[in-house]
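S.K.: This structure is in C-alpha coordinates; I'll ask about it shortly.
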Amino acid sequence: MSIKRILPSEHSRWLPIAIVILGSLVGLSLFLAKESEIVSYMTDDPKACVNCHVMTSEYNSWMHSSHRENASCNDCHVPHDNIFNTYYFKAKDGLYHASVFTARKEPEVIFMQEASAEVVQANCIRCHMQQVTDVKYSSWIEKHQVNRTDRTCWSCHREVPHGRVHGLSSTKYTIAPIPSKVSKDIIPSWLEKEIKK
(Lines give C-alpha, C1' and ligand atoms only; values in the text may rest on other atoms or scores of the structure.)
Protein backbone atom coordinates (compact mmCIF):
# COMPACT_ATOMS: atom_id res chain seq x y z
CA MET A 1 0.00 0.00 0.00
CA SER A 2 1.42 3.34 -1.02
CA ILE A 3 1.43 6.33 1.33
CA LYS A 4 -0.02 8.42 -1.50
CA ARG A 5 -3.19 6.33 -1.43
CA ILE A 6 -3.73 7.17 2.25
CA LEU A 7 -3.01 10.90 2.06
CA PRO A 8 -5.42 13.16 0.19
CA SER A 9 -4.16 14.42 -3.14
CA GLU A 10 -3.32 18.06 -3.76
CA HIS A 11 -6.61 18.68 -5.52
CA SER A 12 -8.76 16.81 -3.03
CA ARG A 13 -11.40 18.69 -1.11
CA TRP A 14 -10.31 16.69 1.98
CA LEU A 15 -6.80 18.17 2.09
CA PRO A 16 -7.74 21.33 4.07
CA ILE A 17 -9.89 19.27 6.44
CA ALA A 18 -7.07 16.76 6.99
CA ILE A 19 -4.62 19.60 7.69
CA VAL A 20 -7.02 21.20 10.22
CA ILE A 21 -7.67 17.87 11.97
CA LEU A 22 -3.97 16.98 12.11
CA GLY A 23 -3.04 20.48 13.29
CA SER A 24 -5.77 20.35 15.95
CA LEU A 25 -4.54 16.98 17.24
CA VAL A 26 -0.93 18.15 17.39
CA GLY A 27 -1.94 21.46 19.03
CA LEU A 28 -4.17 19.73 21.58
CA SER A 29 -1.41 17.23 22.40
CA LEU A 30 1.14 20.01 22.94
CA PHE A 31 -1.35 21.99 25.05
CA LEU A 32 -2.11 18.98 27.26
CA ALA A 33 1.61 18.19 27.63
CA LYS A 34 2.30 21.76 28.76
CA GLU A 35 -0.71 22.02 31.10
CA SER A 36 0.03 18.68 32.75
CA GLU A 37 3.73 19.63 33.03
CA ILE A 38 4.60 16.21 31.65
CA VAL A 39 8.35 16.90 31.44
CA SER A 40 8.54 17.63 35.19
CA TYR A 41 7.57 14.03 35.97
CA MET A 42 10.80 12.78 34.43
CA THR A 43 12.84 14.61 37.08
CA ASP A 44 13.46 13.85 40.75
CA ASP A 45 12.02 17.18 41.89
CA PRO A 46 9.42 16.59 44.65
CA LYS A 47 7.49 19.65 43.42
CA ALA A 48 6.43 17.57 40.42
CA CYS A 49 4.40 15.38 42.77
CA VAL A 50 2.21 18.32 43.77
CA ASN A 51 1.28 19.29 40.24
CA CYS A 52 -2.08 17.89 41.29
CA HIS A 53 -3.37 19.25 44.59
CA VAL A 54 -4.23 15.80 45.93
CA MET A 55 -0.64 15.22 47.02
CA THR A 56 -0.38 18.48 48.97
CA SER A 57 -0.71 16.86 52.39
CA GLU A 58 1.91 14.24 51.51
CA TYR A 59 4.27 16.91 50.17
CA ASN A 60 3.87 19.13 53.23
CA SER A 61 4.30 16.26 55.68
CA TRP A 62 7.45 15.16 53.81
CA MET A 63 8.75 18.77 53.92
CA HIS A 64 8.56 18.64 57.73
CA SER A 65 10.17 15.21 58.06
CA SER A 66 13.75 14.08 58.53
CA HIS A 67 13.60 12.37 55.11
CA ARG A 68 13.48 15.75 53.35
CA GLU A 69 17.22 16.20 53.82
CA ASN A 70 18.16 12.84 52.28
CA ALA A 71 15.33 11.49 50.15
CA SER A 72 12.95 12.79 47.51
CA CYS A 73 9.65 11.18 46.53
CA ASN A 74 11.37 9.02 43.90
CA ASP A 75 13.93 7.71 46.38
CA CYS A 76 11.11 5.97 48.26
CA HIS A 77 8.32 5.44 45.74
CA VAL A 78 10.19 4.31 42.60
CA PRO A 79 12.24 1.11 42.11
CA HIS A 80 16.00 1.55 41.77
CA ASP A 81 17.06 -1.80 40.32
CA ASN A 82 17.49 -0.49 36.74
CA ILE A 83 16.68 2.64 34.76
CA PHE A 84 14.12 0.91 32.52
CA ASN A 85 12.15 -0.35 35.51
CA THR A 86 12.37 3.09 37.16
CA TYR A 87 10.78 4.94 34.24
CA TYR A 88 8.34 2.13 33.47
CA PHE A 89 7.06 2.22 37.05
CA LYS A 90 6.89 6.03 37.05
CA ALA A 91 4.89 5.99 33.81
CA LYS A 92 2.54 3.22 34.95
CA ASP A 93 1.95 4.77 38.37
CA GLY A 94 1.71 8.28 36.92
CA LEU A 95 -0.91 7.29 34.34
CA TYR A 96 -2.95 5.63 37.08
CA HIS A 97 -2.75 8.74 39.26
CA ALA A 98 -3.56 11.02 36.32
CA SER A 99 -6.63 8.97 35.38
CA VAL A 100 -7.92 8.96 38.98
CA PHE A 101 -7.32 12.70 39.32
CA THR A 102 -8.88 13.50 35.93
CA ALA A 103 -11.96 11.40 36.74
CA ARG A 104 -12.20 13.17 40.14
CA LYS A 105 -12.17 9.79 41.91
CA GLU A 106 -9.36 10.54 44.34
CA PRO A 107 -10.04 9.20 47.82
CA GLU A 108 -10.02 11.34 50.96
CA VAL A 109 -7.13 9.27 52.32
CA ILE A 110 -4.55 7.91 49.90
CA PHE A 111 -3.21 4.40 50.43
CA MET A 112 -0.54 2.68 48.38
CA GLN A 113 -1.42 -0.13 46.04
CA GLU A 114 0.30 -3.47 46.60
CA ALA A 115 2.95 -2.91 43.90
CA SER A 116 3.80 0.50 45.33
CA ALA A 117 4.00 -0.88 48.87
CA GLU A 118 6.50 -3.53 47.70
CA VAL A 119 8.66 -0.82 46.09
CA VAL A 120 8.59 1.38 49.20
CA GLN A 121 9.45 -1.58 51.46
CA ALA A 122 12.40 -2.52 49.21
CA ASN A 123 13.62 1.09 49.29
CA CYS A 124 13.33 1.28 53.09
CA ILE A 125 15.58 -1.76 53.33
CA ARG A 126 17.92 -0.43 50.61
CA CYS A 127 18.51 2.87 52.43
CA HIS A 128 18.43 1.52 55.98
CA MET A 129 20.36 -1.71 55.46
CA GLN A 130 22.63 -0.89 58.40
CA GLN A 131 19.68 -0.64 60.82
CA VAL A 132 17.85 -3.60 59.32
CA THR A 133 20.77 -6.00 59.65
CA ASP A 134 22.20 -4.71 62.93
CA VAL A 135 22.07 -7.48 65.54
CA LYS A 136 21.86 -5.11 68.51
CA TYR A 137 18.32 -4.05 67.54
CA SER A 138 17.14 -7.63 67.94
CA SER A 139 18.39 -7.72 71.51
CA TRP A 140 16.35 -4.75 72.76
CA ILE A 141 13.44 -4.53 70.30
CA GLU A 142 11.24 -7.58 70.72
CA LYS A 143 10.68 -9.54 67.48
CA HIS A 144 12.52 -6.93 65.37
CA GLN A 145 14.16 -9.58 63.19
CA VAL A 146 10.82 -11.28 62.44
CA ASN A 147 8.89 -8.04 61.94
CA ARG A 148 11.38 -6.51 59.55
CA THR A 149 10.81 -9.30 57.04
CA ASP A 150 7.18 -10.30 57.66
CA ARG A 151 5.67 -6.83 57.95
CA THR A 152 6.14 -3.47 56.31
CA CYS A 153 8.48 -0.99 57.96
CA TRP A 154 5.68 1.56 58.35
CA SER A 155 3.52 -0.86 60.31
CA CYS A 156 5.79 0.02 63.28
CA HIS A 157 7.29 3.31 62.07
CA ARG A 158 3.88 4.86 61.38
CA GLU A 159 4.91 8.49 61.33
CA VAL A 160 7.80 8.12 58.89
CA PRO A 161 7.91 10.24 56.75
CA HIS A 162 4.34 11.48 56.27
CA GLY A 163 3.14 11.71 59.84
CA ARG A 164 0.16 10.14 61.55
CA VAL A 165 -2.62 12.25 60.02
CA HIS A 166 -3.36 11.68 56.34
CA GLY A 167 -6.02 13.00 54.06
CA LEU A 168 -7.10 15.98 52.01
CA SER A 169 -9.01 17.57 54.86
CA SER A 170 -6.11 17.25 57.31
CA THR A 171 -4.14 20.00 55.59
CA LYS A 172 -6.73 22.41 54.26
CA TYR A 173 -5.61 25.78 53.00
CA THR A 174 -1.97 24.81 52.70
CA ILE A 175 0.15 25.96 49.82
CA ALA A 176 2.49 23.57 48.11
CA PRO A 177 5.10 23.81 46.87
CA ILE A 178 6.80 26.72 48.55
CA PRO A 179 6.83 29.67 46.13
CA SER A 180 9.96 29.60 43.99
CA LYS A 181 10.25 33.39 43.84
CA VAL A 182 10.45 34.65 47.38
CA SER A 183 8.99 38.12 47.67
CA LYS A 184 10.20 40.83 50.05
CA ASP A 185 6.98 40.31 52.03
CA ILE A 186 7.99 36.79 53.02
CA ILE A 187 11.60 37.44 54.10
CA PRO A 188 12.18 40.52 56.27
CA SER A 189 14.90 42.87 55.02
CA TRP A 190 17.08 42.35 58.12
CA LEU A 191 17.04 38.57 57.57
CA GLU A 192 17.79 38.95 53.87
CA LYS A 193 20.91 41.04 54.76
CA GLU A 194 22.07 38.34 57.18
CA ILE A 195 21.55 35.63 54.57
CA LYS A 196 23.67 37.54 52.06
CA LYS A 197 26.51 37.85 54.60
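A note on labels: chains of the C-alpha coordinates are A, B, ... as shown, every chain counts residues from 1, and ligands are counted from 1 in their shown order.
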So which bits of region 57-151 of chain A end up helix (DSSP H, G or I) when you DSSP the backbone, as a PyMOL selection string?
M.R.: chain A and resi 57-63+66-69+73-77+83-102+114-127+129-133+135-140+144-150
S.K.: Show which residues sit within 12 Å of Arg126 (chain A), as JSON, numbers by chain. Count only C-alpha atoms, and ignore same-chain residues fewer than 4 positions away.
M.R.: {"A": [75, 76, 79, 80, 81, 119, 120, 121, 122, 130, 131, 132, 133, 153]}
S.K.: Include N, CA and C atoms and write out the residues we just selected as a PDB file, in the first residue's frame.
M.R.:
```pdb
ATOM      1  N   ASP A  75      13.035   8.582  45.619  1.00  0.00           N
ATOM      2  CA  ASP A  75      13.927   7.709  46.381  1.00  0.00           C
ATOM      3  C   ASP A  75      13.146   6.626  47.116  1.00  0.00           C
ATOM      4  N   CYS A  76      11.928   6.943  47.522  1.00  0.00           N
ATOM      5  CA  CYS A  76      11.108   5.973  48.263  1.00  0.00           C
ATOM      6  C   CYS A  76      10.085   5.259  47.383  1.00  0.00           C
ATOM      7  N   PRO A  79      11.194   2.141  42.012  1.00  0.00           N
ATOM      8  CA  PRO A  79      12.244   1.114  42.109  1.00  0.00           C
ATOM      9  C   PRO A  79      13.583   1.627  41.579  1.00  0.00           C
ATOM     10  N   HIS A  80      14.659   1.100  42.144  1.00  0.00           N
ATOM     11  CA  HIS A  80      16.003   1.548  41.769  1.00  0.00           C
ATOM     12  C   HIS A  80      16.874   0.412  41.261  1.00  0.00           C
ATOM     13  N   ASP A  81      16.258  -0.675  40.780  1.00  0.00           N
ATOM     14  CA  ASP A  81      17.057  -1.799  40.318  1.00  0.00           C
ATOM     15  C   ASP A  81      17.655  -1.567  38.937  1.00  0.00           C
ATOM     16  N   VAL A 119       7.548  -1.689  46.482  1.00  0.00           N
ATOM     17  CA  VAL A 119       8.662  -0.818  46.092  1.00  0.00           C
ATOM     18  C   VAL A 119       9.144  -0.010  47.291  1.00  0.00           C
ATOM     19  N   VAL A 120       8.203   0.572  48.036  1.00  0.00           N
ATOM     20  CA  VAL A 120       8.589   1.377  49.199  1.00  0.00           C
ATOM     21  C   VAL A 120       9.305   0.516  50.237  1.00  0.00           C
ATOM     22  N   GLN A 121       8.805  -0.683  50.486  1.00  0.00           N
ATOM     23  CA  GLN A 121       9.447  -1.585  51.455  1.00  0.00           C
ATOM     24  C   GLN A 121      10.874  -1.913  51.011  1.00  0.00           C
ATOM     25  N   ALA A 122      11.057  -2.212  49.727  1.00  0.00           N
ATOM     26  CA  ALA A 122      12.400  -2.516  49.214  1.00  0.00           C
ATOM     27  C   ALA A 122      13.328  -1.313  49.369  1.00  0.00           C
ATOM     28  N   GLN A 130      21.855  -0.836  57.164  1.00  0.00           N
ATOM     29  CA  GLN A 130      22.630  -0.891  58.404  1.00  0.00           C
ATOM     30  C   GLN A 130      21.715  -1.177  59.599  1.00  0.00           C
ATOM     31  N   GLN A 131      20.591  -0.448  59.691  1.00  0.00           N
ATOM     32  CA  GLN A 131      19.680  -0.643  60.818  1.00  0.00           C
ATOM     33  C   GLN A 131      18.923  -1.960  60.716  1.00  0.00           C
ATOM     34  N   VAL A 132      18.619  -2.372  59.516  1.00  0.00           N
ATOM     35  CA  VAL A 132      17.849  -3.603  59.321  1.00  0.00           C
ATOM     36  C   VAL A 132      18.665  -4.834  59.699  1.00  0.00           C
ATOM     37  N   THR A 133      19.951  -4.817  59.409  1.00  0.00           N
ATOM     38  CA  THR A 133      20.775  -6.003  59.652  1.00  0.00           C
ATOM     39  C   THR A 133      21.548  -5.953  60.964  1.00  0.00           C
ATOM     40  N   CYS A 153       7.774  -1.842  56.999  1.00  0.00           N
ATOM     41  CA  CYS A 153       8.478  -0.987  57.957  1.00  0.00           C
ATOM     42  C   CYS A 153       7.525   0.007  58.613  1.00  0.00           C
TER      43      CYS A 153
END
```
S.K.: When you count only C-alpha atoms, which of these residues is closest to Thr102 (chain A): A:Ile83, A:Val54, A:Val160, A:Ile125?
M.R.: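 Ranked by minimum distance to Thr102 (chain A), first place goes to A:Val54.
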S.K.: Could you give me, as a list in words, the residues within 8 Å of Ser61 (chain A), counting only C-alpha atoms and dropping anything in the same chain fewer than 5 positions from it?
M.R.: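 Listed by chain and then number, they are Pro161, His162 and Gly163 of chain A.
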S.K.: Residues near Lys90 (chain A), anyone? I mean within 10 Å using only C-alpha atoms, not counting same-chain ones fewer than 2 positions away, as a count of residues only.
M.R.: 16
S.K.: Find, counting only C-alpha atoms, the residue in A:Leu30, A:Leu15, A:Cys73, A:Leu22 that gets nearest to Thr43 (chain A).
M.R.: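 The answer is A:Cys73, which sits nearest to Thr43 (chain A).
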S.K.: I'd like the interatomic distance between CA of Gln113 (chain A) and CA of Glu69 (chain A), to a tenth of an Å.
M.R.: 26.0 Å
S.K.: Excluding same-chain residues fewer than 4 positions from Asn51 (chain A), what lies within 8 Å of it counting only C-alpha atoms, as a count of residues only?
M.R.: 3
S.K.: One decimal, Å: what's the distance from CA of Thr152 (chain A) over to CA of Asn82 (chain A), could you say?
M.R.: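 Computing it gives 22.8 Å between the two atoms.
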